[in-house]
Amino acid sequence: MADGLAPTLEQIKRQTQLKILAKWCLLIVFSFGLAASLEWLGLPAGLLMGPMIIAIIFAVNGAALKTSQPLFIFAQGIVGIMIASNLPVTVFGQIWTDWSVFLFGTMATVIASTLLGWAMTRSGLLPGTTAIWGSSPGGATLMTLMCESYGADMRLVAFMQYMRVLGCVASASLVAMYLGVPSSMHSAFEVPDLASWISAIPPVILAFVASAVGVRSRIPGGAILLPMSIGIIIKIFWPISLALPLPVLALSYAVIGWGIGARFSMDTLRHAAKAFTRVLGSVLLLILICACIGAILTVLTGIDLLTALLATSPGGLDAIAIIATSTHVDISFVLAMQTSRYLVVAFAAPILARSLSAKATAA
């Protein structure tokens with residue numbers, strides 16, 4: 001009887017594999033179809049938004065496809081190298097020279113998001129320290145992974161964080177279109193010449209190794225921060241090109257978009273259904289507050305509005321980096337502000353969460 005069941009079980013296994021393969025094929029086709037459409041419309045970060053939107057649609061309809069964690073880490077490493085390749089070495093001199101501007105922009109954003117999270121915690125709208133972690137600007141994956149150890153609901157934090165990332169990507173892209181800022185991203189579907197592929201081998205290897213070491217070393221945000229840091233050091237001391245072919249970047253953006261979109265599972269949405277309006281309101285309010293801080297920076301420094309908005313946007317470092325490098329903005333200013341805030345949030349979030357949640361409970 002066991003022999004008779006074996007072919008049936010094998011057939012079921014094969015059918016399951018074929019269904020998963022078919023889902024991946026559809027996800028890839030729809031993702032790059034939408035990405036190409038968004039790029040054709042001139043929407044910045046279309047290569048990230050397209051896969052992200054399609055992955056969300058798949059996820060909420062019960063067809064979520066989980067991206068391989070090593071691949072997701074590697075994609076972050078590629079983005080880290082991309083950031084390093086686009087970050088002028090003069091950025092550190094800029095931070096040193098304009099330290100008061102960067103201090104204001106970083107601390108104002110962190111303080112605003114922290115106060116919003118504290119107010120939501122005191123109101124009892126969300127359980128435990130969830131609102132504090134969910135309101136942390138930047139480091140969405142890091143905040144989601146860290147929060148559970150500090151009494152937060154990981155699912156609601158993930159919902160808040162990735163809803164904010166999606167909102168920041170969409171709003172920043174729409175603002176760029178409204179201001180008439182042209183995209184500097186060429187077609188990702190053009191095939192680079194052989195020399196470009198050969199020169200890309202060292203940075204790809206560096207992204208793979210450094211992102212893996214960053215994760216294994218338990219460095220907060222190490223998958224993106226370590227490749228970026230090493231890339232910057234290389235740019236300073238060695239004349240090695242870190243440029244990557246656009247198809248490599250497009251695939252990395254797609255992997256990150258799928259990874260983010262897949263987190264919007266139906267289970268998460270059901271869990272967050274009662275708090276949806278409040279969560280969405282807090283996300284929009286945080287984006288608005290950070291936009292106001294960006295507008296203040298524009299008035300104080302004379303920097304263009306889109307650069308200031310991207311610099312103070314509470315979206316993820318990788319998502320904002322993709323938008324910044326696909327538009328004509330001051331990339332060094334945006335990435336310097338985002339990186340400094342990311343580091344502050346990564347190391348200060350646990351301390352702030354413990355302190356503020358204790359005060360909210362006492363009150």
# chains A, B, ... in the order shown; residues from 1 in each chain; ligands from 1
$ residues_around --residues "A:Val89" --least-positions-apart "2" --cutoff "9 Å" --atoms "only C-alpha atoms" --output "PDB file with N, CA and C atoms, in the first residue's frame"
ATOM      1  N   ALA A  84      27.785  53.706  -1.546  1.00  0.00           N
ATOM      2  CA  ALA A  84      29.195  54.101  -1.467  1.00  0.00           C
ATOM      3  C   ALA A  84      29.687  54.659  -2.795  1.00  0.00           C
ATOM      4  N   LEU A  87      28.302  58.143  -3.133  1.00  0.00           N
ATOM      5  CA  LEU A  87      28.566  59.059  -2.025  1.00  0.00           C
ATOM      6  C   LEU A  87      29.944  59.686  -2.207  1.00  0.00           C
ATOM      7  N   VAL A  91      31.648  64.212   1.340  1.00  0.00           N
ATOM      8  CA  VAL A  91      30.480  64.299   2.203  1.00  0.00           C
ATOM      9  C   VAL A  91      30.875  64.455   3.672  1.00  0.00           C
ATOM     10  N   PHE A  92      31.990  63.852   4.066  1.00  0.00           N
ATOM     11  CA  PHE A  92      32.397  63.937   5.470  1.00  0.00           C
ATOM     12  C   PHE A  92      32.858  65.342   5.814  1.00  0.00           C
ATOM     13  N   GLY A  93      33.524  65.971   4.852  1.00  0.00           N
ATOM     14  CA  GLY A  93      33.881  67.375   5.047  1.00  0.00           C
ATOM     15  C   GLY A  93      32.648  68.251   5.125  1.00  0.00           C
ATOM     16  N   ILE A 232      33.158  52.983   1.041  1.00  0.00           N
ATOM     17  CA  ILE A 232      33.613  54.372   1.213  1.00  0.00           C
ATOM     18  C   ILE A 232      35.114  54.406   1.486  1.00  0.00           C
ATOM     19  N   ILE A 233      35.581  53.492   2.333  1.00  0.00           N
ATOM     20  CA  ILE A 233      37.015  53.434   2.637  1.00  0.00           C
ATOM     21  C   ILE A 233      37.814  53.141   1.375  1.00  0.00           C
ATOM     22  N   LYS A 235      36.930  53.841  -1.664  1.00  0.00           N
ATOM     23  CA  LYS A 235      36.906  55.028  -2.521  1.00  0.00           C
ATOM     24  C   LYS A 235      37.928  56.061  -2.083  1.00  0.00           C
ATOM     25  N   ILE A 236      38.160  56.143  -0.777  1.00  0.00           N
ATOM     26  CA  ILE A 236      39.082  57.145  -0.249  1.00  0.00           C
ATOM     27  C   ILE A 236      40.534  56.762  -0.530  1.00  0.00           C
ATOM     28  N   SER A 332      24.884  63.532  -1.824  1.00  0.00           N
ATOM     29  CA  SER A 332      25.742  63.476  -0.635  1.00  0.00           C
ATOM     30  C   SER A 332      25.016  64.003   0.596  1.00  0.00           C
TER      31      SER A 332
END
$ select_by_dssp --residues "stretch 139-360 of chain A" --states "alpha helix (DSSP H)" --output "MDAnalysis selection string"
chainID A and resid 140:147 154:178 194:199 201:216 222:237 246:261 266:272 276:301 305:312 317:325 331:360
$ closest_residue --among "A:Cys147, A:Leu103, A:Gly124, A:Leu9" --to "A:Ile351" --atoms "only C-alpha atoms"
A:Cys147
$ closest_atom_pairs --of "stretch 305-349 of chain A" --to "stretch 98-101 of chain A" --cutoff "12 Å" --atoms "only C-alpha atoms" --output "tab-separated table"
residue	atom	partner	partner_atom	distance
A:Ala308	CA	A:Val101	CA	11.0
A:Ala311	CA	A:Val101	CA	11.3
A:Thr312	CA	A:Val101	CA	11.5
A:Phe333	CA	A:Asp98	CA	10.2
A:Ala336	CA	A:Trp99	CA	10.9
A:Met337	CA	A:Val101	CA	9.3
A:Ser340	CA	A:Trp99	CA	11.1
$ write_last_selection --atoms "C-alpha atoms" --output "PDB file, in the first residue's frame"
ATOM      1  CA  ALA A 308      15.641  68.443   1.981  1.00  0.00           C
ATOM      2  CA  ALA A 311      17.088  63.915   3.622  1.00  0.00           C
ATOM      3  CA  THR A 312      14.468  64.131   6.372  1.00  0.00           C
ATOM      4  CA  PHE A 333      23.480  65.627   1.565  1.00  0.00           C
ATOM      5  CA  ALA A 336      24.741  61.808   4.901  1.00  0.00           C
ATOM      6  CA  MET A 337      21.573  62.850   6.735  1.00  0.00           C
ATOM      7  CA  SER A 340      23.591  59.673  10.496  1.00  0.00           C
TER       8      SER A 340
END
$ residues_around --residues "stretch 152-167 of chain A" --least-positions-apart "3" --cutoff "10 Å" --atoms "only C-alpha atoms" --output "JSON, numbers by chain"
{"A": [49, 52, 53, 126, 127, 128, 129, 130, 131, 132, 133, 134, 135, 136, 137, 138, 139, 140, 141, 143, 144, 145, 146, 147, 148, 149, 170, 171, 172, 173, 257, 260, 261, 263, 264, 265, 267, 268, 269, 271, 272, 273, 275, 276, 279, 280, 282, 283, 284, 286, 287, 313, 314, 315, 316, 317, 318, 319, 320, 353]}
$ atom_distance --atom1 "atom CA of A:Gly50" --atom2 "atom CA of A:Val213"
29.7 Å
$ closest_residue --among "A:Trp40, A:Ala262, A:Gln76, A:Pro192" --to "A:Gly222" --atoms "only C-alpha atoms"
A:Gln76
